[in-house]
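Notes for the one structure printed next.
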Amino acid sequence: MTDKKGQTAIAHTNIAFIKYWGKADPKLNLPTTSSLSLTLDEYYTKTRVEKATEDSLLINELPQDGKRVHQFLNILREEMGDFPPLRVISENRVPLSAGLASSASSFAALTAAVAKFNNWDLSLEELSRLARRGSGSATRSFFPGFAIWEKGTDDADSYAKEFKTPELPIALVVCKISGTVKKVSSSDGMRRAQTSPNYAAWVDESAQQLAEMKKALFSSDLERVGQLAEANALAMHDLNLTATDRRFTYFNQDTMKVLEQVKALRKEGYLAYATMDAGPNVKIITNQEQAPKIKAYLAERFRKIQFDIATPGPGISYE
Ligand code: 2P0
């Protein structure tokens, strides 16, 4: 127990280069594959927890239905021992629910803030394991740069670790295609994707791609990193299109048009590979030298789309 009034933690979001897209155990959020991500500098969630009379949630100053957060706090109480009701106050600098994985930074920041508030002495890996129960992708948002979430075999050994690489001049051009709320939640999307006849093959292929991705990162081969990430992402989205339980897509027409331009950029000699998540946005993997040029190239062709340049970000921090 603690006599502290409150505690604040900051977690940055992450983009998977080898995706998590399916659950071996939906209750425990155990994944069917290991995944690898890059934490980004530009997007983060800052979360303060304060002692209160009941659990509640405020995001960007707006009260929310805090059911998911309340359930997660109860999981932490079961795992770690009881603590008082908490008011959770979140400042979210991630475009919400449009495929930029705000749940990753949100559940990482919340887990870290609650742990620090309660004076739990936990390693980053132990925090990652706990955060998994809130949202799978949150496991990877504790670490600077690259992280690997090892799928593990059970609740005890499924968590992420930092994946140290040589210094890489990597950058992402983030194409913010639509800020609208997604129609298929990640959990529902995964459940449906797992009904694709191609699912088992994707799981096998993903393990090979992860092994190759590690090698490419170690040898600073950004071209290969991009190729592998794009292949992995396109195959993930193909599972959605081939789901036998109501096939679906997160792409819209702008997604398809940007993907065409990514091919055109490559033909012109640019380093440019695309990755997409549970929304219409496209993130283009490139290097820091070419990122502003790619941004200018696309901004000229897509007047209505906004573009950011994102670079590797830090691990969890506290205020
Ligand atoms: C990922 N995504 O690896 C994948 C790729 C989106 C596409 O993890 O159900 O919000 O809370 O565990 O973490 C988004 O799913 O899903 C996600 P839950 P989560 O980043």
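Chains: A, B, ... in order of the structure tokens. Residues: from 1 per chain. Ligands: from 1, in order shown.
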Selection as an MDAnalysis selection string: residues within 7 Å of ligand 1 by only C-alpha atoms and all ligand atoms: chainID A and resid 15:16 18:21 29 35 99 101 103:104 134:138 186:187 277:278
Excluding Leu210 of chain A and residues on its chain fewer than 5 positions from it, collect all residues at most 9 Å away from it, counting only C-alpha atoms, and give them as a compact mmCIF listing (two decimals) with C-alpha atoms, in the first residue's frame.
# COMPACT_ATOMS: atom_id res chain seq x y z
CA PHE A 17 7.15 -4.92 -38.58
CA ILE A 18 6.22 -8.56 -37.92
CA SER A 34 5.86 -13.77 -31.96
CA SER A 35 5.96 -10.17 -33.17
CA LEU A 36 8.56 -7.44 -33.62
CA GLU A 205 5.70 -17.88 -42.69
CA LYS A 215 19.31 -10.86 -39.33
CA LEU A 228 10.04 -8.41 -44.97
Atomic separation - atom CA of Arg77 of chain A relative to atom CA of Gln7 of chain A, Å: 17.1 Å
Shell of 6 Å around Gly145 of chain A, only C-alpha atoms, local chain residues under 6 positions omitted, as an NGL selection string: :A and (38-39 or 312-313)
Selected residue of minimal separation from Gly66 of chain A among A:Leu271, A:Ser178, A:Lys51, A:Ile89, counting only C-alpha atoms: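 Of A:Leu271, A:Ser178, A:Lys51, A:Ile89, the one nearest Gly66 of chain A is A:Ile89, counting only C-alpha atoms.
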What are the closest atom pairs, with distances in Å to one decimal, for all residues of segment 252-308 of chain A lying within 12 Å of segment 92-95 of chain A? Consider only C-alpha atoms, order rows by chain and residue number, and present the result as a tab-separated table.
residue	atom	partner	partner_atom	distance
A:Gly279	CA	A:Pro95	CA	11.0
A:Asn281	CA	A:Pro95	CA	10.4
A:Gln306	CA	A:Pro95	CA	11.8
A:Asp308	CA	A:Pro95	CA	11.6
Contacts of segment 162-173 of chain A within 6 Å, only C-alpha atoms, excl. fewer than 5 positions in-chain, as a PyMOL selection string: chain A and resi 143+146-147+218+283-288+308-311
Can you spit out the residues from that selection as an mmCIF file, in the first residue's frame, using C-alpha atoms?
data_model
loop_
_atom_site.group_PDB
_atom_site.id
_atom_site.type_symbol
_atom_site.label_atom_id
_atom_site.label_comp_id
_atom_site.auth_asym_id
_atom_site.auth_seq_id
_atom_site.Cartn_x
_atom_site.Cartn_y
_atom_site.Cartn_z
ATOM 1 C CA PHE A 143 11.227 -0.609 -24.688
ATOM 2 C CA PHE A 146 12.935 -2.451 -31.459
ATOM 3 C CA ALA A 147 11.155 -4.994 -29.259
ATOM 4 C CA PHE A 218 21.612 -6.840 -37.201
ATOM 5 C CA LYS A 283 3.306 3.665 -42.619
ATOM 6 C CA ILE A 284 6.198 3.820 -45.098
ATOM 7 C CA ILE A 285 9.497 2.373 -43.925
ATOM 8 C CA THR A 286 12.467 4.347 -45.225
ATOM 9 C CA ASN A 287 15.598 6.081 -43.952
ATOM 10 C CA GLN A 288 15.942 9.490 -42.322
ATOM 11 C CA ASP A 308 4.163 12.796 -40.362
ATOM 12 C CA ILE A 309 7.730 11.594 -40.148
ATOM 13 C CA ALA A 310 8.304 9.254 -37.212
ATOM 14 C CA THR A 311 11.632 8.059 -35.817
#
